[in-house]
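**Student:** So here's query13.pdb, just PDB, C-alpha atoms and all ligand atoms:
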```
ATOM      1  CA  PRO A   1      49.511 -88.851 -23.399  1.00  0.00           C
ATOM      2  CA  CYS A   2      52.182 -87.347 -25.636  1.00  0.00           C
ATOM      3  CA  ASN A   3      50.974 -86.803 -29.190  1.00  0.00           C
ATOM      4  CA  VAL A   4      53.717 -87.713 -31.663  1.00  0.00           C
ATOM      5  CA  VAL A   5      53.827 -86.851 -35.362  1.00  0.00           C
ATOM      6  CA  VAL A   6      56.312 -88.971 -37.326  1.00  0.00           C
ATOM      7  CA  LEU A   7      57.894 -87.792 -40.585  1.00  0.00           C
ATOM      8  CA  ILE A   8      59.176 -90.399 -43.042  1.00  0.00           C
ATOM      9  CA  SER A   9      60.509 -90.691 -46.591  1.00  0.00           C
ATOM     10  CA  GLY A  10      60.946 -94.417 -47.065  1.00  0.00           C
ATOM     11  CA  SER A  11      60.730 -97.887 -45.605  1.00  0.00           C
ATOM     12  CA  GLY A  12      59.692 -96.754 -42.153  1.00  0.00           C
ATOM     13  CA  SER A  13      61.310 -99.536 -40.168  1.00  0.00           C
ATOM     14  CA  ASN A  14      61.958 -97.051 -37.366  1.00  0.00           C
ATOM     15  CA  LEU A  15      58.317 -95.981 -37.579  1.00  0.00           C
ATOM     16  CA  GLN A  16      57.399 -99.666 -37.193  1.00  0.00           C
ATOM     17  CA  ALA A  17      59.547 -99.927 -34.071  1.00  0.00           C
ATOM     18  CA  LEU A  18      57.753 -96.884 -32.652  1.00  0.00           C
ATOM     19  CA  ILE A  19      54.358 -98.368 -33.533  1.00  0.00           C
ATOM     20  CA  ASP A  20      55.330-101.651 -31.877  1.00  0.00           C
ATOM     21  CA  SER A  21      56.447 -99.819 -28.724  1.00  0.00           C
ATOM     22  CA  GLN A  22      53.013 -98.317 -28.134  1.00  0.00           C
ATOM     23  CA  SER A  23      51.317 -99.744 -25.069  1.00  0.00           C
ATOM     24  CA  ASP A  24      49.056 -98.764 -22.190  1.00  0.00           C
ATOM     25  CA  SER A  25      52.113 -98.015 -20.054  1.00  0.00           C
ATOM     26  CA  ASN A  26      53.787 -95.852 -22.711  1.00  0.00           C
ATOM     27  CA  PRO A  27      52.466 -92.272 -22.895  1.00  0.00           C
ATOM     28  CA  ALA A  28      53.767 -91.806 -26.477  1.00  0.00           C
ATOM     29  CA  ARG A  29      50.914 -91.976 -29.028  1.00  0.00           C
ATOM     30  CA  ILE A  30      51.536 -91.637 -32.746  1.00  0.00           C
ATOM     31  CA  GLY A  31      48.823 -89.264 -33.932  1.00  0.00           C
ATOM     32  CA  ALA A  32      49.879 -89.018 -37.566  1.00  0.00           C
ATOM     33  CA  VAL A  33      52.524 -90.011 -40.101  1.00  0.00           C
ATOM     34  CA  ILE A  34      53.545 -87.572 -42.827  1.00  0.00           C
ATOM     35  CA  SER A  35      55.674 -88.512 -45.834  1.00  0.00           C
ATOM     36  CA  ASN A  36      57.230 -86.350 -48.545  1.00  0.00           C
ATOM     37  CA  ARG A  37      57.010 -89.360 -50.875  1.00  0.00           C
ATOM     38  CA  ALA A  38      53.756 -91.022 -51.911  1.00  0.00           C
ATOM     39  CA  ASP A  39      55.529 -94.364 -52.438  1.00  0.00           C
ATOM     40  CA  ALA A  40      57.079 -94.557 -48.958  1.00  0.00           C
ATOM     41  CA  TYR A  41      56.402 -98.058 -47.609  1.00  0.00           C
ATOM     42  CA  GLY A  42      56.087 -96.592 -44.125  1.00  0.00           C
ATOM     43  CA  LEU A  43      52.705 -95.150 -45.141  1.00  0.00           C
ATOM     44  CA  GLN A  44      51.393 -98.704 -45.444  1.00  0.00           C
ATOM     45  CA  ARG A  45      52.806 -99.559 -42.035  1.00  0.00           C
ATOM     46  CA  ALA A  46      50.948 -96.590 -40.524  1.00  0.00           C
ATOM     47  CA  GLN A  47      47.706 -97.454 -42.293  1.00  0.00           C
ATOM     48  CA  ALA A  48      47.949-101.046 -41.082  1.00  0.00           C
ATOM     49  CA  ALA A  49      48.197 -99.677 -37.542  1.00  0.00           C
ATOM     50  CA  GLY A  50      45.214 -97.376 -38.040  1.00  0.00           C
ATOM     51  CA  ILE A  51      47.300 -94.200 -37.898  1.00  0.00           C
ATOM     52  CA  PRO A  52      46.260 -91.240 -40.089  1.00  0.00           C
ATOM     53  CA  THR A  53      48.685 -90.513 -42.921  1.00  0.00           C
ATOM     54  CA  GLN A  54      49.370 -87.582 -45.166  1.00  0.00           C
ATOM     55  CA  VAL A  55      51.603 -87.079 -48.196  1.00  0.00           C
ATOM     56  CA  LEU A  56      53.193 -83.719 -48.869  1.00  0.00           C
ATOM     57  CA  SER A  57      55.460 -83.881 -51.893  1.00  0.00           C
ATOM     58  CA  HIS A  58      58.359 -81.417 -51.793  1.00  0.00           C
ATOM     59  CA  ARG A  59      58.296 -81.413 -55.608  1.00  0.00           C
ATOM     60  CA  GLU A  60      55.048 -79.472 -55.584  1.00  0.00           C
ATOM     61  CA  PHE A  61      56.644 -76.465 -53.916  1.00  0.00           C
ATOM     62  CA  ALA A  62      58.788 -73.758 -55.465  1.00  0.00           C
ATOM     63  CA  ASP A  63      61.501 -73.878 -52.819  1.00  0.00           C
ATOM     64  CA  ARG A  64      62.497 -75.230 -49.437  1.00  0.00           C
ATOM     65  CA  GLU A  65      60.877 -72.339 -47.568  1.00  0.00           C
ATOM     66  CA  ALA A  66      57.510 -72.954 -49.218  1.00  0.00           C
ATOM     67  CA  PHE A  67      57.666 -76.704 -48.598  1.00  0.00           C
ATOM     68  CA  ASP A  68      58.636 -76.261 -44.961  1.00  0.00           C
ATOM     69  CA  ALA A  69      55.840 -73.738 -44.392  1.00  0.00           C
ATOM     70  CA  ALA A  70      53.299 -76.200 -45.773  1.00  0.00           C
ATOM     71  CA  LEU A  71      54.877 -79.032 -43.783  1.00  0.00           C
ATOM     72  CA  MET A  72      54.667 -76.998 -40.569  1.00  0.00           C
ATOM     73  CA  ALA A  73      50.984 -76.286 -41.207  1.00  0.00           C
ATOM     74  CA  ALA A  74      50.315 -79.979 -41.893  1.00  0.00           C
ATOM     75  CA  ILE A  75      52.129 -81.046 -38.720  1.00  0.00           C
ATOM     76  CA  ASP A  76      50.572 -78.392 -36.511  1.00  0.00           C
ATOM     77  CA  ALA A  77      47.082 -79.420 -37.600  1.00  0.00           C
ATOM     78  CA  PHE A  78      47.723 -82.554 -35.481  1.00  0.00           C
ATOM     79  CA  GLN A  79      48.853 -80.448 -32.483  1.00  0.00           C
ATOM     80  CA  PRO A  80      51.899 -82.576 -31.677  1.00  0.00           C
ATOM     81  CA  ASP A  81      53.842 -82.536 -28.418  1.00  0.00           C
ATOM     82  CA  LEU A  82      56.756 -84.140 -30.256  1.00  0.00           C
ATOM     83  CA  VAL A  83      57.819 -84.399 -33.901  1.00  0.00           C
ATOM     84  CA  VAL A  84      59.955 -87.418 -34.786  1.00  0.00           C
ATOM     85  CA  LEU A  85      62.080 -87.646 -37.930  1.00  0.00           C
ATOM     86  CA  ALA A  86      62.327 -91.317 -38.893  1.00  0.00           C
ATOM     87  CA  GLY A  87      64.265 -91.544 -42.128  1.00  0.00           C
ATOM     88  CA  PHE A  88      62.923 -88.199 -43.298  1.00  0.00           C
ATOM     89  CA  MET A  89      65.425 -87.340 -46.003  1.00  0.00           C
ATOM     90  CA  ARG A  90      64.918 -83.601 -46.374  1.00  0.00           C
ATOM     91  CA  ILE A  91      67.086 -80.827 -44.988  1.00  0.00           C
ATOM     92  CA  LEU A  92      64.925 -78.556 -42.856  1.00  0.00           C
ATOM     93  CA  THR A  93      65.036 -74.757 -42.884  1.00  0.00           C
ATOM     94  CA  PRO A  94      66.170 -72.826 -39.789  1.00  0.00           C
ATOM     95  CA  GLY A  95      62.646 -71.467 -39.388  1.00  0.00           C
ATOM     96  CA  PHE A  96      61.218 -75.000 -39.249  1.00  0.00           C
ATOM     97  CA  VAL A  97      63.824 -76.158 -36.774  1.00  0.00           C
ATOM     98  CA  ARG A  98      63.274 -73.122 -34.523  1.00  0.00           C
ATOM     99  CA  HIS A  99      59.502 -73.650 -34.585  1.00  0.00           C
ATOM    100  CA  TYR A 100      59.912 -77.154 -33.108  1.00  0.00           C
ATOM    101  CA  GLN A 101      62.893 -76.353 -30.866  1.00  0.00           C
ATOM    102  CA  GLY A 102      63.019 -78.839 -28.000  1.00  0.00           C
ATOM    103  CA  ARG A 103      60.305 -81.068 -29.462  1.00  0.00           C
ATOM    104  CA  LEU A 104      62.010 -82.350 -32.620  1.00  0.00           C
ATOM    105  CA  LEU A 105      64.024 -85.585 -32.558  1.00  0.00           C
ATOM    106  CA  ASN A 106      66.016 -87.282 -35.314  1.00  0.00           C
ATOM    107  CA  ILE A 107      67.798 -90.609 -35.631  1.00  0.00           C
ATOM    108  CA  HIS A 108      71.093 -90.644 -37.467  1.00  0.00           C
ATOM    109  CA  PRO A 109      72.948 -93.821 -38.480  1.00  0.00           C
ATOM    110  CA  SER A 110      76.349 -93.022 -36.956  1.00  0.00           C
ATOM    111  CA  LEU A 111      78.016 -92.300 -33.658  1.00  0.00           C
ATOM    112  CA  LEU A 112      77.666 -88.518 -33.843  1.00  0.00           C
ATOM    113  CA  PRO A 113      79.607 -86.291 -34.075  1.00  0.00           C
ATOM    114  CA  ARG A 114      81.330 -88.804 -36.386  1.00  0.00           C
ATOM    115  CA  HIS A 115      79.936 -89.199 -39.907  1.00  0.00           C
ATOM    116  CA  LYS A 116      77.313 -86.510 -40.244  1.00  0.00           C
ATOM    117  CA  GLY A 117      75.431 -86.544 -43.555  1.00  0.00           C
ATOM    118  CA  LEU A 118      74.805 -89.459 -45.903  1.00  0.00           C
ATOM    119  CA  ASP A 119      76.434 -92.837 -46.656  1.00  0.00           C
ATOM    120  CA  THR A 120      77.507 -93.275 -43.045  1.00  0.00           C
ATOM    121  CA  HIS A 121      77.982 -97.063 -43.038  1.00  0.00           C
ATOM    122  CA  ASN A 122      80.350 -97.036 -46.005  1.00  0.00           C
ATOM    123  CA  ARG A 123      82.264 -94.147 -44.510  1.00  0.00           C
ATOM    124  CA  ALA A 124      82.649 -95.825 -41.112  1.00  0.00           C
ATOM    125  CA  VAL A 125      84.082 -98.952 -42.755  1.00  0.00           C
ATOM    126  CA  ALA A 126      86.294 -96.975 -45.162  1.00  0.00           C
ATOM    127  CA  ALA A 127      87.689 -94.965 -42.255  1.00  0.00           C
ATOM    128  CA  GLY A 128      88.666 -98.175 -40.461  1.00  0.00           C
ATOM    129  CA  ASP A 129      86.530 -97.295 -37.438  1.00  0.00           C
ATOM    130  CA  ALA A 130      86.549 -99.868 -34.642  1.00  0.00           C
ATOM    131  CA  GLU A 131      82.930 -99.122 -33.814  1.00  0.00           C
ATOM    132  CA  HIS A 132      79.835 -97.681 -35.430  1.00  0.00           C
ATOM    133  CA  GLY A 133      76.236 -97.197 -34.427  1.00  0.00           C
ATOM    134  CA  CYS A 134      73.404 -94.720 -34.267  1.00  0.00           C
ATOM    135  CA  SER A 135      72.347 -91.610 -32.396  1.00  0.00           C
ATOM    136  CA  VAL A 136      69.046 -90.030 -31.412  1.00  0.00           C
ATOM    137  CA  HIS A 137      69.418 -86.283 -31.094  1.00  0.00           C
ATOM    138  CA  PHE A 138      67.447 -83.104 -30.699  1.00  0.00           C
ATOM    139  CA  VAL A 139      67.396 -81.241 -33.998  1.00  0.00           C
ATOM    140  CA  THR A 140      69.052 -77.836 -34.078  1.00  0.00           C
ATOM    141  CA  GLU A 141      70.023 -75.594 -36.963  1.00  0.00           C
ATOM    142  CA  GLU A 142      73.342 -77.386 -37.375  1.00  0.00           C
ATOM    143  CA  LEU A 143      72.764 -80.406 -39.652  1.00  0.00           C
ATOM    144  CA  ASP A 144      73.144 -83.636 -37.613  1.00  0.00           C
ATOM    145  CA  GLY A 145      74.722 -81.439 -34.940  1.00  0.00           C
ATOM    146  CA  GLY A 146      72.083 -81.208 -32.211  1.00  0.00           C
ATOM    147  CA  PRO A 147      72.518 -82.550 -28.669  1.00  0.00           C
ATOM    148  CA  VAL A 148      72.568 -86.333 -28.488  1.00  0.00           C
ATOM    149  CA  ALA A 149      69.975 -88.034 -26.277  1.00  0.00           C
ATOM    150  CA  ILE A 150      71.103 -91.632 -26.695  1.00  0.00           C
ATOM    151  CA  GLN A 151      73.552 -93.644 -28.755  1.00  0.00           C
ATOM    152  CA  ALA A 152      74.093 -97.324 -29.386  1.00  0.00           C
ATOM    153  CA  ALA A 153      77.583 -98.474 -30.364  1.00  0.00           C
ATOM    154  CA  ILE A 154      78.556-101.807 -31.900  1.00  0.00           C
ATOM    155  CA  PRO A 155      81.998-103.089 -32.886  1.00  0.00           C
ATOM    156  CA  ILE A 156      82.646-103.301 -36.635  1.00  0.00           C
ATOM    157  CA  ARG A 157      83.540-106.909 -37.406  1.00  0.00           C
ATOM    158  CA  PRO A 158      86.563-107.307 -39.662  1.00  0.00           C
ATOM    159  CA  ASP A 159      84.831-109.860 -41.890  1.00  0.00           C
ATOM    160  CA  GLU A 160      81.387-108.319 -42.283  1.00  0.00           C
ATOM    161  CA  SER A 161      79.991-106.569 -45.350  1.00  0.00           C
ATOM    162  CA  VAL A 162      78.632-103.019 -45.256  1.00  0.00           C
ATOM    163  CA  ALA A 163      75.160-104.515 -45.781  1.00  0.00           C
ATOM    164  CA  GLN A 164      75.550-106.699 -42.688  1.00  0.00           C
ATOM    165  CA  LEU A 165      76.798-103.756 -40.657  1.00  0.00           C
ATOM    166  CA  THR A 166      73.864-101.648 -41.868  1.00  0.00           C
ATOM    167  CA  ASP A 167      71.431-104.332 -40.729  1.00  0.00           C
ATOM    168  CA  ARG A 168      73.096-104.567 -37.332  1.00  0.00           C
ATOM    169  CA  VAL A 169      72.887-100.785 -36.876  1.00  0.00           C
ATOM    170  CA  HIS A 170      69.200-100.936 -37.800  1.00  0.00           C
ATOM    171  CA  VAL A 171      68.583-103.370 -34.956  1.00  0.00           C
ATOM    172  CA  GLU A 172      70.110-100.818 -32.593  1.00  0.00           C
ATOM    173  CA  GLU A 173      68.063 -97.967 -34.108  1.00  0.00           C
ATOM    174  CA  HIS A 174      64.880 -99.909 -33.497  1.00  0.00           C
ATOM    175  CA  ARG A 175      65.915-100.343 -29.872  1.00  0.00           C
ATOM    176  CA  ILE A 176      66.991 -96.802 -28.986  1.00  0.00           C
ATOM    177  CA  TYR A 177      64.460 -94.676 -30.881  1.00  0.00           C
ATOM    178  CA  PRO A 178      61.389 -96.023 -29.052  1.00  0.00           C
ATOM    179  CA  LEU A 179      63.299 -95.636 -25.793  1.00  0.00           C
ATOM    180  CA  ALA A 180      64.161 -91.979 -26.422  1.00  0.00           C
ATOM    181  CA  VAL A 181      60.611 -91.183 -27.553  1.00  0.00           C
ATOM    182  CA  ARG A 182      59.233 -92.844 -24.456  1.00  0.00           C
ATOM    183  CA  TRP A 183      61.619 -90.888 -22.217  1.00  0.00           C
ATOM    184  CA  PHE A 184      60.439 -87.669 -23.857  1.00  0.00           C
ATOM    185  CA  ALA A 185      56.783 -88.651 -23.492  1.00  0.00           C
ATOM    186  CA  GLU A 186      57.349 -89.429 -19.821  1.00  0.00           C
ATOM    187  CA  GLY A 187      58.852 -85.974 -19.315  1.00  0.00           C
ATOM    188  CA  ARG A 188      62.259 -87.445 -18.481  1.00  0.00           C
ATOM    189  CA  LEU A 189      64.124 -86.274 -21.596  1.00  0.00           C
ATOM    190  CA  ARG A 190      64.305 -82.630 -22.557  1.00  0.00           C
ATOM    191  CA  LEU A 191      66.482 -80.086 -24.295  1.00  0.00           C
ATOM    192  CA  GLY A 192      68.132 -77.849 -21.712  1.00  0.00           C
ATOM    193  CA  GLU A 193      70.287 -74.770 -22.103  1.00  0.00           C
ATOM    194  CA  GLN A 194      73.481 -76.838 -22.234  1.00  0.00           C
ATOM    195  CA  GLY A 195      72.217 -79.878 -24.082  1.00  0.00           C
ATOM    196  CA  ALA A 196      70.030 -82.929 -23.674  1.00  0.00           C
ATOM    197  CA  MET A 197      68.909 -83.688 -20.120  1.00  0.00           C
ATOM    198  CA  LEU A 198      67.683 -87.024 -18.777  1.00  0.00           C
ATOM    199  CA  ASP A 199      66.041 -87.011 -15.339  1.00  0.00           C
ATOM    200  CA  GLY A 200      67.571 -83.592 -14.720  1.00  0.00           C
ATOM    201  CA  GLU A 201      71.133 -84.678 -15.517  1.00  0.00           C
ATOM    202  CA  LYS A 202      73.064 -83.463 -18.538  1.00  0.00           C
ATOM    203  CA  LEU A 203      73.668 -86.282 -20.987  1.00  0.00           C
ATOM    204  CA  PRO A 204      77.261 -86.751 -22.110  1.00  0.00           C
ATOM    205  CA  VAL A 205      77.664 -87.337 -25.838  1.00  0.00           C
ATOM    206  CA  SER A 206      79.755 -90.374 -24.966  1.00  0.00           C
ATOM    207  CA  GLY A 207      76.815 -91.886 -23.117  1.00  0.00           C
ATOM    208  CA  HIS A 208      76.554 -95.113 -25.083  1.00  0.00           C
ATOM    209  CA  LEU A 209      73.907 -97.619 -24.193  1.00  0.00           C
TER     210      LEU A 209
HETATM  211  C1  LIG A 301      67.563 -95.049 -40.883  1.00  0.00           C
HETATM  212  O1  LIG A 301      68.705 -95.860 -40.895  1.00  0.00           O
HETATM  213  C2  LIG A 301      67.886 -93.678 -40.355  1.00  0.00           C
HETATM  214  O2  LIG A 301      68.861 -93.686 -39.356  1.00  0.00           O
HETATM  215  C3  LIG A 301      68.371 -92.988 -41.585  1.00  0.00           C
HETATM  216  O3  LIG A 301      67.524 -93.442 -42.621  1.00  0.00           O
HETATM  217  C4  LIG A 301      67.110 -94.766 -42.315  1.00  0.00           C
HETATM  218  C5  LIG A 301      65.614 -94.840 -42.471  1.00  0.00           C
HETATM  219  O4  LIG A 301      65.176 -96.172 -42.350  1.00  0.00           O
HETATM  220  N1  LIG A 301      68.309 -91.566 -41.463  1.00  0.00           N
HETATM  221  C6  LIG A 301      69.168 -90.736 -42.042  1.00  0.00           C
HETATM  222  O5  LIG A 301      70.076 -91.105 -42.753  1.00  0.00           O
HETATM  223  C7  LIG A 301      68.928 -89.266 -41.743  1.00  0.00           C
HETATM  224  N2  LIG A 301      69.882 -88.466 -42.453  1.00  0.00           N
HETATM  225  P1  LIG A 301      63.653 -96.500 -42.057  1.00  0.00           P
HETATM  226  O6  LIG A 301      62.815 -95.721 -43.077  1.00  0.00           O
HETATM  227  O7  LIG A 301      63.539 -97.966 -42.288  1.00  0.00           O
HETATM  228  O8  LIG A 301      63.330 -96.102 -40.647  1.00  0.00           O
END
```
Can you give me the file's structure in the form of structure tokens?
**Tutor:**
Amino acid sequence: PCNVVVLISGSGSNLQALIDSQSDSNPARIGAVISNRADAYGLQRAQAAGIPTQVLSHREFADREAFDAALMAAIDAFQPDLVVLAGFMRILTPGFVRHYQGRLLNIHPSLLPRHKGLDTHNRAVAAGDAEHGCSVHFVTEELDGGPVAIQAAIPIRPDESVAQLTDRVHVEEHRIYPLAVRWFAEGRLRLGEQGAMLDGEKLPVSGHL
């Protein structure tokens, strides 16, 4: 099995999708969920599934370096094969990212490299984009800039609200994140020298699903 530690900050709907994807045929096993916020609803989702949880509040540390050092120690206590960021809303230090190089995945609510950062749904609509979506990527030192493993693209409907679009992107997130995590757990997805590799082939960033 592949031991997965999931980091969250909020609702944890992506965590729920990962929990729901666990099965005898899936080697991915969520060994722990860590949140930087005590009130994250995702903690309740983990507890309901019998998964150990831990809260590590960034406010209790003097700076980002100190928080990340404590976070690394907390994660490594669970000896993960993979660390999954699922709505974890903290910027990570280069040292943290390097420590988990090749075993750290994130989901971002846009078709990267478009719309890095926050407020992606509003920005996609405001820009008049024809399509929007989400990306699972390996985390590197460049914020939201690591090699993409999988994307899901949907057309933006002319009459829909940003809230409706957000919900539709969430549906896609809940589909592709469990898939990418499973691929990694099966040894099919890895970070190579030139980017993300699936079954030994380099993944193109334009590889929508
Ligand atoms: C998700 O939409 C995820 O893509 C986004 O936060 C949301 C968390 O929802 N992540 C980022 O914006 C990362 N910068 P969830 O807690 O329900 O999974």
**Student:** Give the centre and edge lengths of an axis-aligned box, in Å to one decimal, that holds all listed atoms of region 198-201 of chain A with 3 Å on each side, as JSON.
**Tutor:**
```
{"center_x": 68.6, "center_y": -85.3, "center_z": -16.7, "size_x": 11.1, "size_y": 9.4, "size_z": 10.1}
```
**Student:** If I take CA of Pro155 (chain A) and CA of Ile176 (chain A), how far is one from the other in Å, to one decimal?
**Tutor:** 16.7 Å
**Student:** Rounded to one decimal, what separation in Å do you get between CA of Ala73 (chain A) and CA of Leu189 (chain A)?
**Tutor:** 25.6 Å
**Student:** Apply the PyMOL selection byres (((chain A and resi 115) around 12) and not hetatm) to the structure shown and report the selected residues as a list in words.
**Tutor:**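 Applying the expression gives His108, Pro109, Ser110, Leu111, Leu112, Pro113, Arg114, Lys116, Gly117, Leu118, Asp119, Thr120, His121, Asn122, Arg123, Ala124, Val125, Ala126, Ala127, Asp129, His132, Gly133, Cys134, Ser135, Leu143, Asp144 and Gly145 of chain A.
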**Student:** Hey, can you check how far CA of Gly12 (chain A) sits from CA of Ala153 (chain A)?
**Tutor:** 21.5 Å
